[in-house]
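See below for structure36.cif, which holds mmCIF, C-alpha atoms.
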```cif
data_protein
loop_
_atom_site.label_atom_id
_atom_site.label_comp_id
_atom_site.auth_asym_id
_atom_site.auth_seq_id
_atom_site.Cartn_x
_atom_site.Cartn_y
_atom_site.Cartn_z
CA MET A 1 112.57 -72.49 -160.66
CA ILE A 2 113.12 -71.99 -156.95
CA GLY A 3 114.76 -74.91 -155.15
CA ALA A 4 118.03 -76.28 -153.85
CA GLY A 5 120.63 -73.65 -153.13
CA PHE A 6 118.07 -70.92 -152.73
CA VAL A 7 117.77 -68.81 -149.63
CA LEU A 8 114.20 -68.29 -148.44
CA TYR A 9 113.63 -65.02 -146.63
CA VAL A 10 110.30 -64.33 -144.91
CA GLU A 11 110.02 -60.70 -143.85
CA ASP A 12 107.01 -58.39 -143.85
CA ASN A 13 109.03 -55.19 -144.13
CA ASP A 14 109.12 -54.63 -147.91
CA ASP A 15 112.28 -52.50 -147.95
CA LEU A 16 114.30 -54.92 -145.88
CA ARG A 17 113.01 -57.97 -147.74
CA GLU A 18 113.84 -56.58 -151.17
CA LEU A 19 117.20 -55.37 -149.88
CA VAL A 20 118.17 -58.77 -148.47
CA VAL A 21 117.20 -60.52 -151.69
CA GLU A 22 119.37 -58.10 -153.64
CA LEU A 23 122.24 -58.27 -151.13
CA VAL A 24 122.29 -62.06 -151.05
CA THR A 25 122.10 -62.21 -154.81
CA ILE A 26 124.67 -59.55 -155.66
CA ALA A 27 127.06 -59.51 -152.71
CA PHE A 28 126.91 -63.11 -151.58
CA GLN A 29 126.33 -64.65 -155.00
CA ARG A 30 123.44 -66.80 -153.81
CA ARG A 31 119.93 -67.03 -155.15
CA CYS A 32 117.28 -65.75 -152.80
CA VAL A 33 113.50 -65.57 -152.72
CA GLY A 34 111.67 -63.22 -150.43
CA VAL A 35 108.09 -63.55 -149.23
CA GLY A 36 106.19 -61.01 -147.14
CA SER A 37 103.84 -63.17 -145.14
CA TYR A 38 102.91 -66.62 -143.96
CA GLU A 39 100.22 -66.77 -146.65
CA GLU A 40 102.74 -66.01 -149.38
CA LEU A 41 105.00 -68.72 -148.00
CA VAL A 42 102.21 -71.27 -148.10
CA ALA A 43 101.34 -70.16 -151.61
CA LEU A 44 104.93 -70.81 -152.62
CA GLY A 45 104.41 -74.42 -151.56
CA GLU A 46 106.91 -77.01 -152.78
CA GLU A 47 109.24 -74.36 -154.10
CA ALA A 48 109.73 -73.02 -150.56
CA LEU A 49 110.42 -76.52 -149.29
CA GLY A 50 113.22 -76.90 -151.80
CA CYS A 51 115.24 -73.96 -150.43
CA SER A 52 118.44 -74.77 -148.58
CA VAL A 53 118.12 -72.23 -145.83
CA ALA A 54 115.11 -70.34 -144.48
CA ILE A 55 115.48 -67.02 -142.69
CA LEU A 56 112.28 -66.10 -140.89
CA ASP A 57 111.41 -62.82 -139.26
CA ILE A 58 109.66 -63.79 -136.04
CA ASN A 59 107.08 -61.00 -136.07
CA LEU A 60 105.25 -60.78 -139.36
CA GLY A 61 102.86 -58.06 -138.26
CA PRO A 62 100.22 -57.46 -135.58
CA ASN A 63 97.49 -60.09 -135.52
CA ARG A 64 99.13 -61.97 -138.39
CA PRO A 65 100.63 -65.46 -138.44
CA SER A 66 104.19 -65.20 -137.12
CA GLY A 67 107.53 -66.56 -138.18
CA ILE A 68 106.88 -69.39 -135.74
CA ASP A 69 103.82 -70.34 -137.77
CA ALA A 70 106.03 -70.28 -140.85
CA TYR A 71 108.55 -72.51 -139.05
CA THR A 72 105.83 -74.95 -138.03
CA TRP A 73 104.48 -75.07 -141.59
CA LEU A 74 107.91 -75.73 -143.03
CA ARG A 75 108.69 -78.52 -140.58
CA ASP A 76 105.22 -80.05 -140.92
CA LYS A 77 105.74 -80.19 -144.68
CA GLY A 78 109.00 -82.06 -144.22
CA TYR A 79 111.42 -79.19 -144.70
CA THR A 80 114.86 -80.38 -143.57
CA GLY A 81 116.97 -77.34 -144.36
CA ARG A 82 118.47 -74.89 -141.93
CA ILE A 83 116.06 -72.44 -140.33
CA VAL A 84 117.13 -69.15 -138.77
CA PHE A 85 114.91 -66.70 -136.94
CA LEU A 86 115.57 -62.98 -137.11
CA THR A 87 113.94 -60.69 -134.61
CA GLY A 88 113.95 -57.04 -133.70
CA HIS A 89 112.34 -57.77 -130.36
CA ALA A 90 113.66 -58.25 -126.85
CA SER A 91 114.78 -61.72 -125.85
CA ASN A 92 111.90 -61.95 -123.36
CA HIS A 93 109.28 -60.97 -125.93
CA PRO A 94 106.66 -63.77 -125.96
CA LEU A 95 107.26 -64.64 -129.61
CA VAL A 96 111.01 -64.82 -129.07
CA VAL A 97 110.51 -66.97 -125.99
CA GLU A 98 108.26 -69.24 -128.01
CA ALA A 99 110.86 -69.47 -130.78
CA LYS A 100 113.49 -70.47 -128.22
CA ARG A 101 111.14 -73.03 -126.72
CA ILE A 102 110.43 -74.91 -129.93
CA GLY A 103 114.16 -75.29 -130.67
CA GLY A 104 115.46 -76.54 -133.98
CA ALA A 105 116.27 -73.05 -135.21
CA GLU A 106 118.84 -70.40 -134.41
CA ILE A 107 117.71 -66.97 -133.31
CA PHE A 108 119.53 -63.78 -134.25
CA SER A 109 118.65 -60.31 -133.08
CA LYS A 110 118.46 -57.44 -135.52
CA PRO A 111 120.57 -55.71 -136.52
CA ILE A 112 122.92 -58.50 -137.56
CA ASP A 113 126.23 -57.87 -139.19
CA PRO A 114 126.26 -58.45 -142.99
CA ASP A 115 129.08 -60.94 -142.45
CA ARG A 116 126.83 -62.91 -140.13
CA LEU A 117 124.16 -62.98 -142.85
CA ARG A 118 126.81 -64.15 -145.28
CA SER A 119 127.81 -66.97 -142.96
CA ILE A 120 124.18 -67.99 -142.53
CA VAL A 121 123.52 -68.27 -146.25
CA GLU A 122 126.86 -69.91 -146.95
CA ASP A 123 126.74 -72.43 -144.07
CA GLU A 124 123.47 -73.79 -145.28
CA GLY A 125 124.31 -77.34 -144.36
CA GLN A 126 124.68 -76.67 -140.63
CA MET B 127 96.97 -45.61 -108.95
CA THR B 128 96.75 -44.17 -105.45
CA LEU B 129 99.92 -42.30 -104.59
CA SER B 130 101.28 -42.25 -101.06
CA ARG B 131 100.60 -38.53 -100.74
CA ASP B 132 97.02 -39.02 -101.90
CA LEU B 133 96.64 -41.71 -99.28
CA ALA B 134 97.96 -39.45 -96.49
CA ILE B 135 95.56 -36.68 -97.51
CA ARG B 136 92.68 -39.10 -97.71
CA HIS B 137 93.45 -40.48 -94.25
CA ALA B 138 93.73 -36.98 -92.79
CA TRP B 139 90.48 -35.81 -94.36
CA ARG B 140 88.59 -38.92 -93.34
CA GLY B 141 89.92 -38.85 -89.76
CA ALA B 142 88.96 -35.22 -89.31
CA PHE B 143 85.56 -35.81 -90.89
CA VAL B 144 84.72 -38.77 -88.65
CA ALA B 145 85.96 -36.93 -85.55
CA ALA B 146 83.78 -33.92 -86.35
CA ALA B 147 80.77 -36.13 -87.07
CA LEU B 148 81.27 -38.05 -83.81
CA ASN B 149 81.47 -34.73 -81.98
CA ALA B 150 78.15 -33.61 -83.43
CA VAL B 151 76.40 -36.90 -82.72
CA GLY B 152 78.08 -37.61 -79.39
CA MET B 153 77.38 -34.18 -77.91
CA SER B 154 73.75 -34.36 -79.02
CA VAL B 155 73.29 -37.73 -77.32
CA ASP B 156 75.15 -36.46 -74.26
CA PHE B 157 72.72 -33.58 -73.98
CA VAL B 158 69.73 -35.90 -74.26
CA LEU B 159 71.13 -38.00 -71.42
CA ALA B 160 71.98 -34.93 -69.31
CA ARG B 161 68.79 -32.93 -69.89
CA ASP B 162 67.24 -33.92 -66.53
CA ILE B 163 70.24 -32.72 -64.55
CA PRO B 164 69.30 -29.55 -62.61
CA LYS B 165 70.77 -26.33 -63.97
CA VAL B 166 72.17 -28.06 -67.04
CA SER B 167 72.66 -25.72 -69.97
CA ILE B 168 72.34 -26.66 -73.59
CA TYR B 169 75.00 -24.20 -74.67
CA PRO B 170 78.20 -26.26 -74.20
CA PHE B 171 76.60 -29.28 -75.90
CA ALA B 172 75.19 -27.15 -78.68
CA MET B 173 78.43 -25.20 -79.13
CA SER B 174 80.48 -28.38 -79.55
CA ALA B 175 77.91 -30.12 -81.75
CA LEU B 176 77.56 -27.06 -83.99
CA VAL B 177 81.32 -26.77 -84.32
CA GLY B 178 81.33 -30.45 -85.33
CA ILE B 179 78.59 -29.88 -87.92
CA GLY B 180 80.33 -26.77 -89.21
CA LEU B 181 83.59 -28.64 -89.61
CA VAL B 182 81.82 -31.50 -91.40
CA VAL B 183 80.34 -29.00 -93.87
CA PHE B 184 83.69 -27.25 -94.24
CA LEU B 185 85.45 -30.53 -94.95
CA LEU B 186 82.85 -31.48 -97.53
CA ILE B 187 83.27 -28.12 -99.26
CA ARG B 188 87.07 -28.38 -99.22
CA ARG B 189 87.18 -32.04 -100.13
CA GLN B 190 88.87 -31.50 -103.49
CA GLN B 191 91.45 -29.12 -102.00
CA ALA B 192 92.13 -31.27 -98.94
CA THR B 193 95.61 -31.44 -97.45
CA VAL B 194 97.08 -33.21 -94.44
CA ARG B 195 97.51 -29.83 -92.74
CA LEU B 196 93.85 -28.99 -93.34
CA GLY B 197 92.81 -32.31 -91.80
CA SER B 198 95.05 -31.70 -88.79
CA VAL B 199 93.79 -28.15 -88.21
CA VAL B 200 90.17 -29.25 -88.43
CA PHE B 201 90.86 -32.17 -86.11
CA LEU B 202 92.50 -29.87 -83.57
CA LEU B 203 89.68 -27.30 -83.71
CA ASN B 204 87.17 -30.08 -83.20
CA THR B 205 89.12 -31.39 -80.21
CA VAL B 206 89.31 -27.94 -78.64
CA ALA B 207 85.54 -27.53 -79.02
CA ILE B 208 84.97 -30.91 -77.38
CA LEU B 209 87.39 -30.15 -74.54
CA VAL B 210 85.72 -26.84 -73.78
CA ALA B 211 82.33 -28.53 -73.77
CA LEU B 212 83.52 -31.43 -71.62
CA TRP B 213 85.10 -29.01 -69.14
CA ILE B 214 81.69 -27.48 -68.59
CA THR B 215 79.47 -30.55 -68.88
CA SER B 216 81.60 -32.72 -66.60
CA GLY B 217 80.83 -30.15 -63.92
CA TYR B 218 77.11 -30.80 -64.41
CA TRP B 219 77.54 -34.53 -64.10
CA ALA B 220 79.79 -34.23 -61.04
CA THR B 221 77.29 -32.10 -59.15
CA THR B 222 74.24 -34.31 -59.64
CA GLY B 223 74.88 -36.02 -56.34
CA ARG B 224 74.18 -39.30 -58.03
CA THR B 225 76.70 -42.05 -58.77
CA TRP B 226 78.47 -41.52 -62.08
CA THR B 227 81.58 -42.74 -63.80
CA PRO B 228 83.85 -39.72 -64.07
CA PHE B 229 85.25 -38.42 -67.31
CA GLN B 230 83.98 -41.23 -69.55
CA ALA B 231 83.88 -38.88 -72.52
CA ASN B 232 87.50 -37.87 -71.93
CA LYS B 233 88.57 -41.51 -71.77
CA LEU B 234 86.61 -42.33 -74.91
CA GLY B 235 88.09 -39.28 -76.59
CA ALA B 236 91.67 -40.35 -75.80
CA LEU B 237 91.05 -43.70 -77.51
CA ALA B 238 89.12 -42.18 -80.41
CA VAL B 239 92.01 -39.82 -81.11
CA ALA B 240 94.29 -42.83 -81.50
CA MET B 241 92.02 -44.12 -84.26
CA LEU B 242 91.40 -40.85 -86.08
CA ALA B 243 94.21 -38.31 -85.60
CA PRO B 244 95.81 -37.34 -88.91
CA GLN B 245 99.29 -36.68 -87.50
CA LEU B 246 101.31 -37.66 -84.47
CA GLY B 247 101.69 -34.18 -82.99
CA VAL B 248 98.00 -33.36 -83.33
CA GLY B 249 97.08 -36.75 -81.91
CA LEU B 250 99.37 -36.54 -78.89
CA ALA B 251 98.25 -32.99 -78.18
CA SER B 252 94.62 -34.06 -78.35
CA ILE B 253 95.17 -37.03 -76.06
CA ALA B 254 97.06 -34.79 -73.64
CA GLY B 255 94.15 -32.36 -73.82
CA PHE B 256 91.60 -35.01 -72.90
CA ALA B 257 93.75 -36.14 -69.98
CA ALA B 258 94.64 -32.65 -68.80
CA THR B 259 91.06 -31.35 -68.85
CA ALA B 260 89.87 -34.34 -66.83
CA ILE B 261 92.56 -33.96 -64.19
CA GLY B 262 92.30 -30.18 -64.18
CA LYS B 263 88.55 -30.25 -63.86
CA PHE B 264 88.85 -32.61 -60.93
CA TYR B 265 90.88 -30.07 -59.00
CA PHE B 266 88.43 -27.30 -59.87
CA LEU B 267 85.59 -29.22 -58.28
CA ASP B 268 84.50 -28.76 -54.73
CA PRO B 269 86.57 -30.95 -52.35
CA GLU B 270 83.34 -32.52 -51.18
CA ILE B 271 82.58 -33.65 -54.71
CA GLN B 272 86.16 -34.84 -55.18
CA ARG B 273 85.80 -37.12 -52.18
CA GLY B 274 82.79 -38.74 -53.80
CA PHE B 275 84.83 -39.87 -56.82
CA PRO B 276 85.70 -43.55 -57.20
CA VAL B 277 89.11 -44.64 -55.92
CA GLY B 278 91.90 -43.83 -58.33
CA GLU B 279 90.05 -41.06 -60.16
CA PRO B 280 90.91 -38.89 -61.95
CA TRP B 281 94.19 -40.67 -62.61
CA PHE B 282 92.66 -43.53 -64.62
CA ILE B 283 92.55 -41.07 -67.52
CA LEU B 284 96.34 -41.34 -67.68
CA ILE B 285 96.11 -45.05 -68.42
CA TYR B 286 93.67 -44.30 -71.22
CA ALA B 287 95.98 -41.56 -72.46
CA LEU B 288 98.94 -43.93 -72.43
CA PHE B 289 97.01 -46.61 -74.32
CA GLY B 290 95.73 -43.98 -76.72
CA ALA B 291 99.23 -42.66 -77.40
CA VAL B 292 100.62 -46.15 -78.00
CA LEU B 293 97.72 -47.04 -80.31
CA LEU B 294 98.16 -43.74 -82.14
CA ILE B 295 101.86 -44.35 -82.74
CA TYR B 296 101.17 -47.94 -83.80
CA ARG B 297 98.47 -46.85 -86.24
CA LEU B 298 100.49 -43.99 -87.72
CA ARG B 299 103.53 -46.23 -88.20
CA GLY B 300 101.34 -48.75 -89.99
CA MET B 301 100.00 -46.02 -92.24
CA ALA B 302 103.51 -44.75 -92.92
CA LEU B 303 104.56 -48.25 -93.92
CA GLU B 304 101.54 -48.53 -96.18
CA ARG B 305 102.43 -45.21 -97.83
CA GLU B 306 106.03 -46.30 -98.27
CA MET B 307 104.87 -49.47 -99.97
CA LEU B 308 102.67 -47.43 -102.28
CA ARG B 309 105.60 -45.14 -103.08
CA VAL B 310 107.83 -48.10 -103.90
CA GLN B 311 105.08 -49.62 -106.04
CA ALA B 312 104.64 -46.33 -107.89
CA GLU B 313 108.38 -46.11 -108.52
CA ALA B 314 108.46 -49.70 -109.76
CA ALA B 315 105.56 -48.97 -112.09
CA ALA B 316 107.33 -45.87 -113.42
CA ALA B 317 110.53 -47.87 -113.97
CA GLU B 318 108.52 -50.53 -115.76
CA ARG B 319 106.96 -47.91 -118.05
CA LEU B 320 110.38 -46.45 -118.77
CA ALA B 321 111.82 -49.88 -119.53
CA ARG B 322 108.90 -50.66 -121.82
CA THR B 323 109.32 -47.39 -123.67
CA PHE B 324 113.08 -47.94 -124.08
CA LEU B 325 112.55 -51.48 -125.32
CA ARG B 326 109.88 -50.45 -127.78
CA LEU B 327 112.09 -47.65 -128.96
CA ARG B 328 114.93 -50.11 -129.47
CA ASP B 329 112.68 -52.67 -131.15
CA TYR B 330 111.28 -49.97 -133.41
CA THR B 331 114.74 -48.92 -134.58
CA ASN B 332 116.20 -52.39 -135.09
CA THR B 333 114.78 -52.96 -138.56
CA PRO B 334 115.72 -49.49 -139.89
CA ILE B 335 119.26 -49.97 -138.55
CA GLN B 336 119.34 -53.41 -140.17
CA THR B 337 118.21 -51.85 -143.44
CA ILE B 338 120.99 -49.25 -143.30
CA ALA B 339 123.59 -51.91 -142.46
CA PHE B 340 122.58 -54.14 -145.38
CA THR B 341 122.26 -51.17 -147.74
CA THR B 342 125.79 -50.17 -146.84
CA GLU B 343 127.02 -53.67 -147.61
CA LEU B 344 125.13 -53.76 -150.89
CA LEU B 345 126.54 -50.41 -151.97
CA ARG B 346 129.98 -51.63 -150.98
CA ALA B 347 129.54 -54.64 -153.26
CA LYS B 348 128.24 -52.50 -156.11
CA ASN B 349 130.64 -49.59 -155.96
CA HIS B 350 134.11 -49.85 -154.49
CA ASP B 351 134.70 -46.12 -154.91
CA LEU B 352 132.27 -45.42 -152.10
CA LYS B 353 134.35 -47.24 -149.50
CA PRO B 354 135.35 -44.18 -147.38
CA ILE B 355 131.76 -42.98 -147.24
CA LEU B 356 130.38 -46.42 -146.51
CA ASP B 357 132.97 -46.95 -143.79
CA ARG B 358 131.65 -43.88 -142.02
CA LEU B 359 128.11 -45.10 -142.46
CA GLU B 360 129.09 -48.47 -141.07
CA ARG B 361 130.66 -46.87 -138.00
CA ALA B 362 127.46 -44.91 -137.46
CA VAL B 363 125.48 -48.15 -137.66
CA ASP B 364 127.86 -49.71 -135.15
CA LYS B 365 127.17 -46.84 -132.73
CA LEU B 366 123.44 -47.28 -133.12
CA THR B 367 123.84 -51.01 -132.58
CA GLU B 368 125.82 -50.37 -129.39
CA LEU B 369 123.02 -48.15 -128.20
CA GLY B 370 120.58 -51.00 -128.80
CA HIS B 371 122.80 -53.36 -126.83
CA ALA B 372 123.00 -50.84 -123.99
CA LEU B 373 119.22 -50.97 -123.74
CA ASN B 374 119.34 -54.75 -123.33
CA SER B 375 119.64 -54.23 -119.58
CA TYR B 376 116.04 -53.07 -119.57
CA GLU B 377 114.80 -56.41 -120.87
CA ASN B 378 114.77 -57.97 -117.42
CA ALA B 379 112.97 -54.96 -115.99
CA HIS B 380 110.04 -55.41 -118.34
CA LYS B 381 107.62 -58.28 -118.03
CA TRP B 382 105.41 -58.86 -121.04
CA SER B 383 101.75 -59.23 -120.30
CA PRO B 384 99.29 -61.18 -122.47
CA GLY B 385 98.37 -59.04 -125.47
CA ASP B 386 101.34 -56.71 -125.06
CA GLU B 387 103.12 -58.03 -128.09
CA SER B 388 100.27 -57.30 -130.46
CA LEU B 389 99.84 -53.84 -129.01
CA ALA B 390 103.52 -53.02 -128.97
CA ALA B 391 103.84 -51.68 -132.46
CA THR B 392 100.64 -49.68 -132.22
CA MET B 393 101.52 -48.16 -128.88
CA MET B 394 105.05 -47.41 -129.99
CA ALA B 395 103.81 -45.55 -133.01
CA GLU B 396 101.25 -43.67 -130.94
CA GLN B 397 103.77 -42.78 -128.27
CA LEU B 398 106.45 -41.61 -130.65
CA PHE B 399 104.68 -40.38 -133.69
CA GLY B 400 100.96 -40.17 -133.02
CA SER B 401 100.48 -42.14 -136.22
CA GLU B 402 99.63 -45.55 -137.56
CA PRO B 403 101.89 -48.40 -136.44
CA ARG B 404 104.98 -49.31 -138.39
CA ARG B 405 106.57 -52.65 -137.93
CA PRO B 406 109.89 -53.20 -136.16
#
```
Final C-alpha cells representation of the file:
Amino acid sequence: MIGAGFVLYVEDNDDLRELVVELVTIAFQRRCVGVGSYEELVALGEEALGCSVAILDINLGPNRPSGIDAYTWLRDKGYTGRIVFLTGHASNHPLVVEAKRIGGAEIFSKPIDPDRLRSIVEDEGQ
Amino acid sequence: MTLSRDLAIRHAWRGAFVAAALNAVGMSVDFVLARDIPKVSIYPFAMSALVGIGLVVFLLIRRQQATVRLGSVVFLLNTVAILVALWITSGYWATTGRTWTPFQANKLGALAVAMLAPQLGVGLASIAGFAATAIGKFYFLDPEIQRGFPVGEPWFILIYALFGAVLLIYRLRGMALEREMLRVQAEAAAAERLARTFLRLRDYTNTPIQTIAFTTELLRAKNHDLKPILDRLERAVDKLTELGHALNSYENAHKWSPGDESLAATMMAEQLFGSEPRRP
C-alpha cells in the first residue's frame, strides 16, 4: 500500500523513472513509486496523495499535461507534502517560468547531484 | 530575410532601371515637343531613348545576376547617352529664336541622379556631367545666342548640381544606415539561432546525464568494488554538467516564443538526428 513515507516520482522518461525508484529504494532506503504521466498520477488517486514528497518532472512530453498540471492536481486534492520540480530545460523556458510563478514548490535543474536527491527525499518535512 | 548586400544590389538595380526607363520616356517626349523646331534631328533623341530601352532590357535579362557594379555601370552608360543627346538637342532649343528656359533637362537630370544613383562616385560624376555639359554647351553657342539667355544662366545649373550632390549624399547615407541595421538584425537573428541550438542541445543531454549520474550512484550502492571505476564515471559526469552550466549564459540570449516549447523536442531531434523526437 502506497502512502506515508513514500516518495512519488512523476517522470515520462522510462529509464530515468525506473532508475530513480531503484536508487531511492536501494541507496536511500526509502520507498518510492514512479508514474510516467499525469494520467497515471490521477489514476493512482488517494495513494499518490498519501506520499510524503512528490518529485515532478516539469515537461512530461510534447502536447501532454505537464508537471505543473500534476502539481495543480495534487494541491487541488489537498496534498500537503513537499513538492519538488525537476527540469532539464532552461530557466526561461515557459514551463519553468510558470512553475516559478505558481510558487509552493522548489525547482531543481537536471542533472542534480545524487546527494541532492538524497536530501530531497530525506528532508520530506520541509 | 533581406540581407544588407541583397538590399544594396536591389537598390542599385532598381535605380539603374528607373533611370534607363526615364531616359527612354523622357527623350521620346522631348522629341515630340521639339519636332516643330527647324532642322531638328530625331537621331540624338532616338539614340538616347534606344540606349535607355536597351539598358532596360539588359537589366531585366540580368536581374538574377545583378550586382551593385552592374547597376552602376548601366547607370553611367545611361547618363552618358543622355548627356550626348542633351549636348546636341540643347543646341536645337537654343537656336529657335524663341524664349526658352535653358538646360531644364540638365537641371532635372542633376536632381534625378540624387534620387537614383546606385553609388556615390557614379552619382557625383553624373551630376558633374549634367552641370559640365550645360556650361560647356553654353560656351559653344554663338555669342549672340548666349546674350539671349536669362540672367545668371548657365550658372544656375551649379545650384542644381549642389542640391543634387547634397541630396545624393543624404540618400546614400540613409541607405547605408538601413543596410547596417539589416546587418545587425541578421547577426542578432544568427546569434539567437545559435543560442537556441545550444540550449536545445543542453536540454536534450540533461536527462541522459542525469541517468548516468544516478546509475553511477546506484552501482556504487550495490557494489563497493566498483568505486575506482565509478569515481571516473562521476568525474566525467561532472565535466558534462560543467559544460551544461557553461551554456547557461545563452539562456538570456534566447527568447521563447509561443509554441516553441512544444516544438523544441521535435526540432532538436530533427536538427541533430533527423529522427523522431526524444524527450529531454
- Message: At a cut-off of 12 Å, using all atoms listed in the file, what residues contact A:Ala48? Leave out same-chain residues fewer than 6 positions from it and give the result as a count of residues only.
- Response: 30
Counting only C-alpha atoms, give me one row per residue of chain A with an atom at most 12 Å from an atom of chain B, showing the shortest contact pair and its distance in Å to one decimal, sorted by chain then residue number, as CSV.
```
residue,atom,partner,partner_atom,distance
A:Glu11,CA,B:Thr333,CA,10.5
A:Asp12,CA,B:Arg405,CA,8.3
A:Asn13,CA,B:Arg405,CA,7.1
A:Asp14,CA,B:Arg405,CA,10.5
A:Asp15,CA,B:Thr337,CA,7.5
A:Leu16,CA,B:Thr337,CA,5.5
A:Arg17,CA,B:Thr337,CA,9.1
A:Glu18,CA,B:Thr337,CA,10.1
A:Leu19,CA,B:Thr341,CA,6.9
A:Val20,CA,B:Phe340,CA,7.1
A:Val21,CA,B:Leu344,CA,10.5
A:Glu22,CA,B:Leu344,CA,7.7
A:Leu23,CA,B:Leu344,CA,5.4
A:Val24,CA,B:Leu344,CA,8.8
A:Thr25,CA,B:Leu344,CA,9.8
A:Ile26,CA,B:Ala347,CA,7.3
A:Ala27,CA,B:Ala347,CA,5.5
A:Phe28,CA,B:Ala347,CA,9.0
A:Gln29,CA,B:Ala347,CA,10.7
A:Asp57,CA,B:Pro406,CA,10.2
A:Ile58,CA,B:Pro406,CA,10.6
A:Asn59,CA,B:Pro406,CA,8.3
A:Leu60,CA,B:Arg405,CA,8.4
A:Gly61,CA,B:Arg405,CA,6.6
A:Pro62,CA,B:Ser388,CA,5.1
A:Asn63,CA,B:Ser388,CA,6.4
A:Arg64,CA,B:Ser388,CA,9.3
A:Pro65,CA,B:Ser388,CA,11.4
A:Ser66,CA,B:Ser388,CA,11.1
A:Leu86,CA,B:Thr333,CA,10.2
A:Thr87,CA,B:Asn332,CA,8.6
A:Gly88,CA,B:Asp329,CA,5.2
A:His89,CA,B:Asp329,CA,5.2
A:Ala90,CA,B:Glu377,CA,6.4
A:Ser91,CA,B:Glu377,CA,7.3
A:Asn92,CA,B:Glu377,CA,6.7
A:His93,CA,B:Trp382,CA,6.6
A:Pro94,CA,B:Trp382,CA,7.1
A:Leu95,CA,B:Glu387,CA,7.9
A:Val96,CA,B:Glu387,CA,10.5
A:Val97,CA,B:Trp382,CA,10.8
A:Phe108,CA,B:Asn332,CA,11.9
A:Ser109,CA,B:Asn332,CA,8.5
A:Lys110,CA,B:Asn332,CA,5.5
A:Pro111,CA,B:Gln336,CA,4.5
A:Ile112,CA,B:Gln336,CA,6.7
A:Asp113,CA,B:Ala339,CA,7.3
A:Pro114,CA,B:Phe340,CA,6.2
A:Asp115,CA,B:Glu343,CA,9.1
A:Arg116,CA,B:Phe340,CA,11.1
A:Leu117,CA,B:Phe340,CA,9.3
A:Arg118,CA,B:Glu343,CA,10.7
```
- Message: Residues near A:Glu106, anyone? I mean within 9 Å using only C-alpha atoms, not counting same-chain ones fewer than 6 positions away, as a PyMOL selection string.
- Response: chain A and resi 82-86+99-100
- Message: As an exercise, work out the distance from atom CA of B:Val144 to atom CA of B:Val182 in Å and give it to one decimal place.
- Response: 8.3 Å
- Message: At a cut-off of 8 Å, using all atoms listed in the file, what residues contact stretch 236-242 of chain B? Leave out same-chain residues fewer than 5 positions from it and give the result as a VMD selection string.
- Response: chain B and resid 141 to 142 144 to 145 249 252 to 253 256 to 257 286 to 287 289 to 295 297
- Item | Distance of atom CA of B:Pro244 from atom CA of B:Leu288, expressed in Å to one decimal place |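 Result for atom CA of B:Leu288 versus atom CA of B:Pro244: 18.0 Å, one decimal.
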- Message: Between atom CA of B:Ala134 and atom CA of B:Leu176, what is the distance in Å, rounded to a tenth?
- Response: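 That distance, rounded to one decimal, is 26.9 Å.
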- Message: Under the rule that only C-alpha atoms are counted, which of B:Ala150, B:Ala138, B:Ala317, B:Ala220 is the nearest residue to B:Ile163?
- Response: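 Among the listed residues, the smallest separation from B:Ile163 belongs to B:Ala220.
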Centre and edges of the stretch 289-299 of chain B box, axis-aligned, 3 Å extra per side, as lines of an AutoDock Vina configuration file:
```
center_x = 99.6
center_y = -45.3
center_z = -81.3
size_x = 13.8
size_y = 11.3
size_z = 19.9
```
- Task: Kindly resolve the PyMOL selection byres ((chain B and resi 183) around 12) on the present coordinates and return the residues as a ChimeraX atom specification.
- Result: /B:142-144,146-147,150,176-182,184-189,200
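With distances restricted to all atoms listed in the file, A:Thr72 is the closest residue to A:Leu56 from A:Thr72, A:Ala43, A:Arg31, A:Asp123.
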- Message: For this structure, which residues satisfy the selection - the PyMOL selection byres ((chain B and resi 157) around 10) - when it is evaluated on the file as given? I want them as a VMD selection string.
- Response: chain B and resid 152 to 156 158 to 163 166 to 172 175 215
Include C-alpha atoms and write out the residues we just selected as a compact mmCIF listing (two decimals), keeping the file's coordinate frame.
```txt
# COMPACT_ATOMS: atom_id res chain seq x y z
CA GLY B 152 78.08 -37.61 -79.39
CA MET B 153 77.38 -34.18 -77.91
CA SER B 154 73.75 -34.36 -79.02
CA VAL B 155 73.29 -37.73 -77.32
CA ASP B 156 75.15 -36.46 -74.26
CA VAL B 158 69.73 -35.90 -74.26
CA LEU B 159 71.13 -38.00 -71.42
CA ALA B 160 71.98 -34.93 -69.31
CA ARG B 161 68.79 -32.93 -69.89
CA ASP B 162 67.24 -33.92 -66.53
CA ILE B 163 70.24 -32.72 -64.55
CA VAL B 166 72.17 -28.06 -67.04
CA SER B 167 72.66 -25.72 -69.97
CA ILE B 168 72.34 -26.66 -73.59
CA TYR B 169 75.00 -24.20 -74.67
CA PRO B 170 78.20 -26.26 -74.20
CA PHE B 171 76.60 -29.28 -75.90
CA ALA B 172 75.19 -27.15 -78.68
CA ALA B 175 77.91 -30.12 -81.75
CA THR B 215 79.47 -30.55 -68.88
```
Would you fill out stretch 116-120 of chain A with N, CA, C and O atoms and return it as a compact mmCIF listing (two decimals), in the frame of the given file?
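Output contents, as saved in rebuild.txt:
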```
# COMPACT_ATOMS: atom_id res chain seq x y z
N ARG A 116 127.58 -61.83 -140.76
CA ARG A 116 126.83 -62.91 -140.13
C ARG A 116 125.79 -63.45 -141.11
O ARG A 116 125.59 -64.66 -141.21
N LEU A 117 125.14 -62.53 -141.85
CA LEU A 117 124.16 -62.98 -142.85
C LEU A 117 124.86 -63.82 -143.91
O LEU A 117 124.35 -64.86 -144.33
N ARG A 118 126.05 -63.38 -144.28
CA ARG A 118 126.81 -64.15 -145.28
C ARG A 118 127.09 -65.56 -144.76
O ARG A 118 126.88 -66.55 -145.48
N SER A 119 127.50 -65.65 -143.50
CA SER A 119 127.81 -66.97 -142.96
C SER A 119 126.55 -67.83 -142.86
O SER A 119 126.62 -69.05 -143.06
N ILE A 120 125.43 -67.22 -142.60
CA ILE A 120 124.18 -67.99 -142.53
C ILE A 120 123.84 -68.59 -143.89
O ILE A 120 123.51 -69.77 -143.99
```
